[in-house]
Amino acid sequence: MEKYSTLLLLVSMFFGIFISCDSTPPKTGTLMDYIPQDPEVVFKISNLGSVQADIANNALLSKFENTSPHSFFSEKASLQKNLHPESESLLCLNKLNDSVSGYTFISKNTKNLFQADSITEKTVETLTLDQHQLQRITIADNVAYMAVKDSVFIASSSQQLLLDVLKGKTERSATFSKVYNLPTTSVLTGLIHGKKAGLNDSTAINFTSWSALDLAIAPESLTATGISLATDTIPQLLNVFDGQTPQENNIANLVPMDALGAVSFTFNDAEKFQKKLSEFRGETVNTEIAGVFGSISEAGAIQLKKDTAVFLKSIDPLMTGDALARYLSVTDTFREIKISSFSEPELFQKSFSPFISFKKANFMIQLEDFFVFTENEITAKQIISDFQNNKTLKNTSYYKNTANDLSTSSSLLIYKMQGEFTETLLKFLPFKSKEELNNIALDAYPLAVLQFSYDRNFAHVILSIKKAGASAQNDLGEVSEKFNLKLDNTILGNPQLVASSNIVVQDIGNKLYFISQGGKILWTKNLGAPIMGNIKEVNISGKAHIAFTTKDAVYILDRNGKPARSFPIKFKDEVTQPLSVFDYDGNQNYRFVVVQGQDVLMYDKRAKIVKGFGFTKAKSSIVQPPVHIRMGNKDYIVIAEKSGKLNILSRVGKTRVPVSNNFNFSDIPITHEDNNFVVITKENTKEQISQSGQVSSIKLNVGSNYWFAMEGKTKATLDDNLLRIDGKLAELPLGLYTNPKMFTINRKVYVTITETQEKKVYVFDKNSTLLNGYPVYGTSEASLDGGRTKHLVVKGESDSVLMYSF
């Protein structure tokens with residue numbers, strides 16, 4: 001197949017010879033009169049120089065600079081340097097056979113159209129065929145055929161194409177004439193025959209008659225708008241939308257970020273839509289199953305890396321669920337979503353072909369208003385995970401950028417993702433073969449969109465392909481689900497990250513699991529009782545250990561599950577508060593504090609009672625774990641009693657700050673802020689106690705779900721759905737939230753919080769900015785740890801542990 005540059009090089013040589021021999025006053029004709037019959041594509045070019053410059057500066061089209069279509073427009077080719085049309089020109093593409101295309105260039109014959117003085121070593125022959133005179137020009141092995149008729153210059157790579165044009169065998173369909181004569185303000189318009197349009201890479205169908213698209217070529221995008229016309233004289237797929245009002249497209253809410261593509265079509269009258277589709281296929285509609293789609297407004301297919309999924313978007317999920325119920329049987333539950341077998345796996349292919357060709361819809365899941373059908377349960381679970389973790393197309397920066405070009409409602413919407421649109425290009429542009437595109441990487445263009453919105457007897461068309469910005473690199477990789485580990489029983493409490501991002505978690509059988517960051521269970525230990533509060537990390541004899549209490553023991557275990565020397569410590573009396581661990585000077589000379597009602601027991605790391613600690617018994621029950629607070633160079637041990645007494649002690653257990661006031665302590669741990677002790681009471685007052693014992697009280701104007709926490713100098717508060725970090729507001733969706741937890745990693749503070757109804761885990765930085773990729777799925781408080789790569793662990797289903805990395 002000859003390249004455009006070679007073709008027009010021959011054209012320029014011929015033109016210089018031809019115009020020098022013709023002294024007859026010319027007749028005039030329109031360019032449209034000389035378009036070969038039945039072209040695949042016709043480009044209308046109002047300013048060739050401008051088009052050349054735009055293409056040269058376009059990051060996408062420049063990737064094709066070594067391919068045959070690009071070479072025609074390239075201003076670097078020798079011919080194009082001498083090509084100066086003074087008005088509109090046309091470039092037509094016709095299929096000659098399955099593997100060869102022919103090109104025809106048409107322009108008004110003007111004096112300075114070409115400058116061919118530099119062309120040498122040419123052979124020119126004048127031919128007379130069927131009483132028509134034309135020129136055949138040969139340079140090396142390349143041949144072109146040319147003629148001028150009625151002041152119109154015509155050149156073609158095919159002798160037969162040119163001869164047919166001269167004989168009057170030109171494109172004269174009324175539909176083509178309509179699209180050709182549409183007004184345009186673009187320097188480049190593509191007129192595309194729709195008879196071989198493809199909804200997928202393997203099927204070409206009679207979709208429409210002609211589409212006219214005004215192309216806009218910017219440095220990092222290729223966009224187009226126009227219309228598409230179908231005829232009712234022969235079946236064309238676009239006409240199935242006749243009588244349907246375009247509906248809102250919601251597929252971007254569902255399509256996984258790493259999908260390869262998707263097709264979405266909408267309708268407001270399912271019965272009429274299916275009837276027209278059946279007529280297009282030459283079949284009779286199956287009325288027995290047609291009613292399933294009565295409450296559906298959008299349907300389509302999603303092409304995943306290894307599988308396909310079909311989806312339905314319902315305007316009444318209860319009605320749709322009832323209609324599908326007789327075909328469904330629950331087989332499993334994943335993250336509280338039922339997975340059901342589906343007894344009509346070919347239903348969608350039978351009902352919606354050729355929009356859907358999938359015949360293996362064996363399983364169904366419901367995600368909000370979407371009903372999704374997959375070949376296997378593994379694919380269903382992955383779609384659930386991506387949906388719940390917001391790893392869908394709608395949440396990518398490149399989709400948000402492209403969405404500005406699109407209508408919110410349309411009849412047909414086609415996504416090509418991850419640069420997977422080379423097969424589509426092959427259908428419309430004259431590449432020699434698929435191999436010509438093999439080494440062209442298009443991953444910088446993760447989304448190409450084609451949209452049709454039917455309107456009476458035509459459709460509005462939008463095309464958008466944009467280069468992704470730098471932020472798009474984080475869309476796929478910012479947060480990833482590392483593993484989802486199912487345990488033997490329901491989880492008790494919350495999973496925690498400890499020592500090198502390992503995980504500790506307990507189940508309702510009181511079995512303790514120690515899990516690697518790769519998701520492998522390293523060991524388990526039966527404790528006989530639930531762990532109280534959070535597990536602490538300590539270093540004993542240079543090795544990482546975990547420390548915690550149950551109601552009857554204190555445990556210190558190494559990462560192999562072996563107890564530290566002299567541990568565990570067993571008790572006859574019940575332990576009533578979680579373990580407190582003090583390391584006054586940061587030298588690992590730990591103090592382990594155990595509370596039994598009113599009694600306080602302080603142990604060292606050899607499991608010996610610390611002598612000299614004088615506060616061994618409170619006057620009433622202790623209501624919070626004792627807290628160690630350091631302000632300046634002073635250490636304080638703070639113990640709250642049920643009676644309301646606040647004990648602020650020295651290291652040896654003597655009163656260091658006398659406090660005369662009594663407080664109605666809440667569950668919010670006592671902390672410190674601005675060199676004052678802080679108590680949040682059940683009455684939502686903030687009590688600030690100075691280091692001399694003076695008390696000031698502030699009534700907080702907050703709701704019942706209030707929390708206050710400090711991490712170093714960073715403060716986080718939660719008031720219903722209002723999260724503030726150092727006073728900066730992050731307004732969360734209304735819901736039920738866990739208490740915010742704070743973590744310091746690489747000297748940066750992060751705050752995690754979980755909405756337990758929607759099961760969404762949020763992570764914010766200290767500026768109240770939600771981290772990219774969040775929220776993700778989770779059902780409990782989350783734990784955070786790591787270094788450059790951070791890990792988050794949270795409960796998934798009742799018996800599963802989820803880890804994310806970012």
# chains A, B, ... in the order shown; residues from 1 in each chain; ligands from 1
>>> residues_around(residues="Val794 (chain A)", least_positions_apart="6", cutoff="9 Å", atoms="only C-alpha atoms", output="list in words")
Asn494, Pro495, Gln496, Val761, Tyr777, Gly778, Thr779, Ser780, Glu781, Ala782, Ser783, Ser800, Val801, Leu802, Met803 and Tyr804 of chain A
>>> residues_around(residues="Val595 (chain A)", least_positions_apart="2", cutoff="7 Å", atoms="only C-alpha atoms", output="MDAnalysis selection string")
chainID A and resid 575:577 593 597 599:601
>>> write_last_selection(atoms="all heavy atoms", output="PDB file, in the first residue's frame")
ATOM      1  N   VAL A 575      -8.594  -8.524  85.783  1.00  0.00           N
ATOM      2  CA  VAL A 575      -8.042  -7.283  85.239  1.00  0.00           C
ATOM      3  C   VAL A 575      -9.200  -6.512  84.621  1.00  0.00           C
ATOM      4  O   VAL A 575      -9.998  -7.063  83.862  1.00  0.00           O
ATOM      5  CB  VAL A 575      -6.958  -7.578  84.190  1.00  0.00           C
ATOM      6  CG1 VAL A 575      -6.449  -6.286  83.561  1.00  0.00           C
ATOM      7  CG2 VAL A 575      -5.816  -8.381  84.808  1.00  0.00           C
ATOM      8  N   THR A 576      -9.281  -5.204  84.917  1.00  0.00           N
ATOM      9  CA  THR A 576     -10.458  -4.434  84.498  1.00  0.00           C
ATOM     10  C   THR A 576     -10.163  -3.336  83.467  1.00  0.00           C
ATOM     11  O   THR A 576     -11.098  -2.718  82.949  1.00  0.00           O
ATOM     12  CB  THR A 576     -11.129  -3.793  85.728  1.00  0.00           C
ATOM     13  OG1 THR A 576     -10.151  -2.989  86.425  1.00  0.00           O
ATOM     14  CG2 THR A 576     -11.665  -4.856  86.667  1.00  0.00           C
ATOM     15  N   GLN A 577      -8.899  -3.074  83.167  1.00  0.00           N
ATOM     16  CA  GLN A 577      -8.548  -2.066  82.167  1.00  0.00           C
ATOM     17  C   GLN A 577      -7.455  -2.609  81.244  1.00  0.00           C
ATOM     18  O   GLN A 577      -6.670  -3.476  81.640  1.00  0.00           O
ATOM     19  CB  GLN A 577      -8.057  -0.774  82.833  1.00  0.00           C
ATOM     20  CG  GLN A 577      -9.099   0.007  83.604  1.00  0.00           C
ATOM     21  CD  GLN A 577     -10.192   0.570  82.715  1.00  0.00           C
ATOM     22  OE1 GLN A 577      -9.972   0.849  81.537  1.00  0.00           O
ATOM     23  NE2 GLN A 577     -11.398   0.719  83.274  1.00  0.00           N
ATOM     24  N   VAL A 593       1.601  -1.440  83.528  1.00  0.00           N
ATOM     25  CA  VAL A 593       0.656  -1.082  84.580  1.00  0.00           C
ATOM     26  C   VAL A 593      -0.641  -1.854  84.372  1.00  0.00           C
ATOM     27  O   VAL A 593      -1.278  -1.760  83.315  1.00  0.00           O
ATOM     28  CB  VAL A 593       0.391   0.426  84.589  1.00  0.00           C
ATOM     29  CG1 VAL A 593      -0.542   0.790  85.740  1.00  0.00           C
ATOM     30  CG2 VAL A 593       1.705   1.196  84.702  1.00  0.00           C
ATOM     31  N   GLY A 597      -9.846  -3.275  89.225  1.00  0.00           N
ATOM     32  CA  GLY A 597     -10.799  -2.489  90.023  1.00  0.00           C
ATOM     33  C   GLY A 597     -10.159  -1.208  90.513  1.00  0.00           C
ATOM     34  O   GLY A 597      -9.881  -0.285  89.756  1.00  0.00           O
ATOM     35  N   ASP A 599      -7.222  -1.397  92.348  1.00  0.00           N
ATOM     36  CA  ASP A 599      -5.815  -1.703  92.561  1.00  0.00           C
ATOM     37  C   ASP A 599      -4.969  -1.397  91.317  1.00  0.00           C
ATOM     38  O   ASP A 599      -5.395  -1.617  90.184  1.00  0.00           O
ATOM     39  CB  ASP A 599      -5.645  -3.178  92.925  1.00  0.00           C
ATOM     40  CG  ASP A 599      -6.312  -3.506  94.254  1.00  0.00           C
ATOM     41  OD1 ASP A 599      -6.267  -2.637  95.147  1.00  0.00           O
ATOM     42  OD2 ASP A 599      -6.897  -4.596  94.362  1.00  0.00           O
ATOM     43  N   VAL A 600      -3.758  -0.914  91.561  1.00  0.00           N
ATOM     44  CA  VAL A 600      -2.797  -0.614  90.500  1.00  0.00           C
ATOM     45  C   VAL A 600      -1.537  -1.447  90.752  1.00  0.00           C
ATOM     46  O   VAL A 600      -0.936  -1.366  91.823  1.00  0.00           O
ATOM     47  CB  VAL A 600      -2.441   0.885  90.470  1.00  0.00           C
ATOM     48  CG1 VAL A 600      -1.392   1.154  89.384  1.00  0.00           C
ATOM     49  CG2 VAL A 600      -3.678   1.727  90.240  1.00  0.00           C
ATOM     50  N   LEU A 601      -1.167  -2.259  89.758  1.00  0.00           N
ATOM     51  CA  LEU A 601       0.031  -3.091  89.847  1.00  0.00           C
ATOM     52  C   LEU A 601       1.001  -2.648  88.758  1.00  0.00           C
ATOM     53  O   LEU A 601       0.647  -2.597  87.586  1.00  0.00           O
ATOM     54  CB  LEU A 601      -0.315  -4.565  89.648  1.00  0.00           C
ATOM     55  CG  LEU A 601      -1.406  -5.144  90.570  1.00  0.00           C
ATOM     56  CD1 LEU A 601      -1.770  -6.563  90.142  1.00  0.00           C
ATOM     57  CD2 LEU A 601      -0.930  -5.132  92.012  1.00  0.00           C
TER      58      LEU A 601
END
>>> atom_distance(atom1="CA of Glu125 (chain A)", atom2="CA of Met146 (chain A)")
10.6 Å
>>> residues_around(residues="region 91-107 of chain A", least_positions_apart="6", cutoff="6 Å", atoms="only C-alpha atoms", output="PDB file with C-alpha atoms, in the first residue's frame")
ATOM      1  CA  PRO A  39     -15.476   5.650   0.061  1.00  0.00           C
ATOM      2  CA  GLU A  40     -14.628   4.512   3.574  1.00  0.00           C
ATOM      3  CA  VAL A  41     -13.466   7.936   4.768  1.00  0.00           C
ATOM      4  CA  VAL A  42     -13.410  11.401   3.244  1.00  0.00           C
ATOM      5  CA  PHE A  43     -11.331  14.145   4.877  1.00  0.00           C
ATOM      6  CA  VAL A 152     -10.686  20.004 -10.533  1.00  0.00           C
ATOM      7  CA  PHE A 153      -7.414  18.200  -9.968  1.00  0.00           C
ATOM      8  CA  ILE A 154      -7.815  14.468  -9.184  1.00  0.00           C
ATOM      9  CA  ALA A 155      -5.022  12.081  -8.264  1.00  0.00           C
ATOM     10  CA  SER A 156      -5.268   8.471  -7.160  1.00  0.00           C
ATOM     11  CA  SER A 157      -3.101   5.525  -6.267  1.00  0.00           C
ATOM     12  CA  SER A 158      -5.518   3.347  -8.280  1.00  0.00           C
TER      13      SER A 158
END
>>> atom_distance(atom1="CA of Arg326 (chain A)", atom2="CA of Ile339 (chain A)")
14.7 Å
>>> select_by_dssp(residues="region 164-268 of chain A", states="alpha helix (DSSP H)", output="number ranges by chain")
A: 164-166, 174-180
>>> residues_around(residues="region 749-752 of chain A", least_positions_apart="6", cutoff="7 Å", atoms="only C-alpha atoms", output="MDAnalysis selection string")
chainID A and resid 740:743 762:766 782
>>> write_last_selection(atoms="N, CA, C and O atoms", output="compact mmCIF listing (two decimals), in the first residue's frame")
# COMPACT_ATOMS: atom_id res chain seq x y z
N PRO A 740 -11.82 8.77 65.41
CA PRO A 740 -10.60 8.97 64.61
C PRO A 740 -9.38 8.46 65.35
O PRO A 740 -9.25 8.64 66.56
N LYS A 741 -8.49 7.80 64.61
CA LYS A 741 -7.24 7.31 65.17
C LYS A 741 -6.10 8.02 64.47
O LYS A 741 -6.14 8.28 63.26
N MET A 742 -5.04 8.32 65.24
CA MET A 742 -3.93 9.12 64.72
C MET A 742 -2.65 8.30 64.75
O MET A 742 -2.37 7.57 65.70
N PHE A 743 -1.85 8.46 63.67
CA PHE A 743 -0.61 7.71 63.52
C PHE A 743 0.48 8.64 62.99
O PHE A 743 0.22 9.46 62.10
N TYR A 762 -11.51 6.11 55.59
CA TYR A 762 -10.91 7.35 55.12
C TYR A 762 -9.55 7.54 55.79
O TYR A 762 -9.38 7.21 56.96
N VAL A 763 -8.60 8.11 55.05
CA VAL A 763 -7.30 8.48 55.61
C VAL A 763 -7.02 9.92 55.20
O VAL A 763 -7.04 10.26 54.01
N PHE A 764 -6.75 10.77 56.21
CA PHE A 764 -6.46 12.19 55.98
C PHE A 764 -5.05 12.52 56.46
O PHE A 764 -4.53 11.89 57.38
N ASP A 765 -4.46 13.53 55.83
CA ASP A 765 -3.22 14.05 56.36
C ASP A 765 -3.53 15.15 57.37
O ASP A 765 -4.70 15.45 57.64
N LYS A 766 -2.52 15.78 57.94
CA LYS A 766 -2.75 16.76 59.00
C LYS A 766 -3.38 18.05 58.50
O LYS A 766 -3.81 18.88 59.30
N ALA A 782 -9.31 1.36 61.58
CA ALA A 782 -8.17 0.96 60.76
C ALA A 782 -6.87 1.26 61.49
O ALA A 782 -6.78 2.19 62.29
>>> select_by_dssp(residues="region 230-428 of chain A", states="strand (DSSP E or B)", output="PyMOL selection string")
chain A and resi 247-248+256+261-266+296-303+308-314+328-334+337-342+363-367+370-374+392+409-410+412-417
>>> closest_residue(among="A:Ala216, A:Leu129, A:Leu237, A:Met532", to="Phe273 (chain A)", atoms="only C-alpha atoms")
A:Leu237
>>> closest_residue(among="A:Glu171, A:Glu375, A:Asp164, A:Glu641", to="Asp33 (chain A)", atoms="only C-alpha atoms")
A:Glu171
>>> closest_residue(among="A:Leu90, A:Ile503, A:Val678, A:Val498", to="Gly518 (chain A)", atoms="only C-alpha atoms")
A:Ile503
>>> closest_residue(among="A:Gly561, A:Pro626, A:Gly533, A:Gly226", to="His545 (chain A)", atoms="only C-alpha atoms")
A:Gly561
>>> closest_residue(among="A:Ala553, A:Ala468, A:Leu162, A:Ile535", to="Lys400 (chain A)", atoms="only C-alpha atoms")
A:Ala468
>>> residues_around(residues="region 478-481 of chain A", least_positions_apart="2", cutoff="6 Å", atoms="only C-alpha atoms", output="NGL selection string")
:A and (474 or 483 or 773 or 804-806)
>>> write_last_selection(atoms="N, CA and C atoms", output="compact mmCIF listing (two decimals), in the first residue's frame")
# COMPACT_ATOMS: atom_id res chain seq x y z
N ASN A 474 -1.16 8.21 39.56
CA ASN A 474 -1.55 7.77 40.89
C ASN A 474 -2.93 7.13 40.91
N PHE A 483 -4.10 -7.87 50.27
CA PHE A 483 -4.68 -9.20 50.44
C PHE A 483 -5.97 -9.11 51.24
N GLY A 773 -7.08 7.95 46.46
CA GLY A 773 -7.46 6.55 46.48
C GLY A 773 -8.41 6.18 47.59
N TYR A 804 -4.30 -2.91 52.81
CA TYR A 804 -4.07 -2.04 51.66
C TYR A 804 -2.65 -1.47 51.77
N SER A 805 -2.06 -1.15 50.63
CA SER A 805 -0.77 -0.47 50.63
C SER A 805 -0.88 0.78 49.78
N PHE A 806 -0.11 1.79 50.13
CA PHE A 806 -0.10 3.03 49.35
C PHE A 806 1.19 3.78 49.59
>>> residues_around(residues="region 410-415 of chain A", least_positions_apart="6", cutoff="6 Å", atoms="only C-alpha atoms", output="list in words")
Pro246, Gln247, Gly261, Ala262, Val263, Ser264, Phe265, Thr266, Ala448, Val449, Leu450, Gln451, Phe452, Ser453 and Tyr454 of chain A
>>> write_last_selection(atoms="N, CA and C atoms", output="PDB file, in the first residue's frame")
ATOM      1  N   PRO A 246     -32.569   9.551  25.204  1.00  0.00           N
ATOM      2  CA  PRO A 246     -31.278   9.213  25.831  1.00  0.00           C
ATOM      3  C   PRO A 246     -31.347   9.376  27.348  1.00  0.00           C
ATOM      4  N   GLN A 247     -30.806   8.394  28.059  1.00  0.00           N
ATOM      5  CA  GLN A 247     -30.820   8.393  29.518  1.00  0.00           C
ATOM      6  C   GLN A 247     -29.415   8.687  30.057  1.00  0.00           C
ATOM      7  N   GLY A 261     -12.172  -1.721  28.520  1.00  0.00           N
ATOM      8  CA  GLY A 261     -13.179  -0.980  27.774  1.00  0.00           C
ATOM      9  C   GLY A 261     -14.569  -1.319  28.248  1.00  0.00           C
ATOM     10  N   ALA A 262     -15.557  -0.617  27.697  1.00  0.00           N
ATOM     11  CA  ALA A 262     -16.944  -0.853  28.082  1.00  0.00           C
ATOM     12  C   ALA A 262     -17.868  -0.272  27.021  1.00  0.00           C
ATOM     13  N   VAL A 263     -19.064  -0.831  26.942  1.00  0.00           N
ATOM     14  CA  VAL A 263     -20.130  -0.320  26.082  1.00  0.00           C
ATOM     15  C   VAL A 263     -21.359  -0.112  26.941  1.00  0.00           C
ATOM     16  N   SER A 264     -21.969   1.061  26.832  1.00  0.00           N
ATOM     17  CA  SER A 264     -23.192   1.376  27.568  1.00  0.00           C
ATOM     18  C   SER A 264     -24.243   1.876  26.585  1.00  0.00           C
ATOM     19  N   PHE A 265     -25.457   1.351  26.687  1.00  0.00           N
ATOM     20  CA  PHE A 265     -26.563   1.865  25.874  1.00  0.00           C
ATOM     21  C   PHE A 265     -27.763   2.079  26.787  1.00  0.00           C
ATOM     22  N   THR A 266     -28.598   3.044  26.432  1.00  0.00           N
ATOM     23  CA  THR A 266     -29.716   3.411  27.303  1.00  0.00           C
ATOM     24  C   THR A 266     -31.026   3.398  26.530  1.00  0.00           C
ATOM     25  N   ALA A 448     -10.345   6.619  25.789  1.00  0.00           N
ATOM     26  CA  ALA A 448     -10.900   7.175  24.562  1.00  0.00           C
ATOM     27  C   ALA A 448     -12.405   6.930  24.603  1.00  0.00           C
ATOM     28  N   VAL A 449     -13.194   7.950  24.272  1.00  0.00           N
ATOM     29  CA  VAL A 449     -14.648   7.862  24.421  1.00  0.00           C
ATOM     30  C   VAL A 449     -15.331   8.250  23.118  1.00  0.00           C
ATOM     31  N   LEU A 450     -16.338   7.464  22.720  1.00  0.00           N
ATOM     32  CA  LEU A 450     -17.188   7.777  21.583  1.00  0.00           C
ATOM     33  C   LEU A 450     -18.633   7.714  22.070  1.00  0.00           C
ATOM     34  N   GLN A 451     -19.389   8.789  21.823  1.00  0.00           N
ATOM     35  CA  GLN A 451     -20.731   8.913  22.386  1.00  0.00           C
ATOM     36  C   GLN A 451     -21.717   9.301  21.288  1.00  0.00           C
ATOM     37  N   PHE A 452     -22.873   8.605  21.277  1.00  0.00           N
ATOM     38  CA  PHE A 452     -23.955   8.899  20.341  1.00  0.00           C
ATOM     39  C   PHE A 452     -25.220   9.234  21.134  1.00  0.00           C
ATOM     40  N   SER A 453     -25.862  10.339  20.780  1.00  0.00           N
ATOM     41  CA  SER A 453     -27.118  10.737  21.427  1.00  0.00           C
ATOM     42  C   SER A 453     -28.162  10.899  20.331  1.00  0.00           C
ATOM     43  N   TYR A 454     -29.106   9.958  20.272  1.00  0.00           N
ATOM     44  CA  TYR A 454     -30.100   9.948  19.184  1.00  0.00           C
ATOM     45  C   TYR A 454     -31.066  11.100  19.340  1.00  0.00           C
TER      46      TYR A 454
END
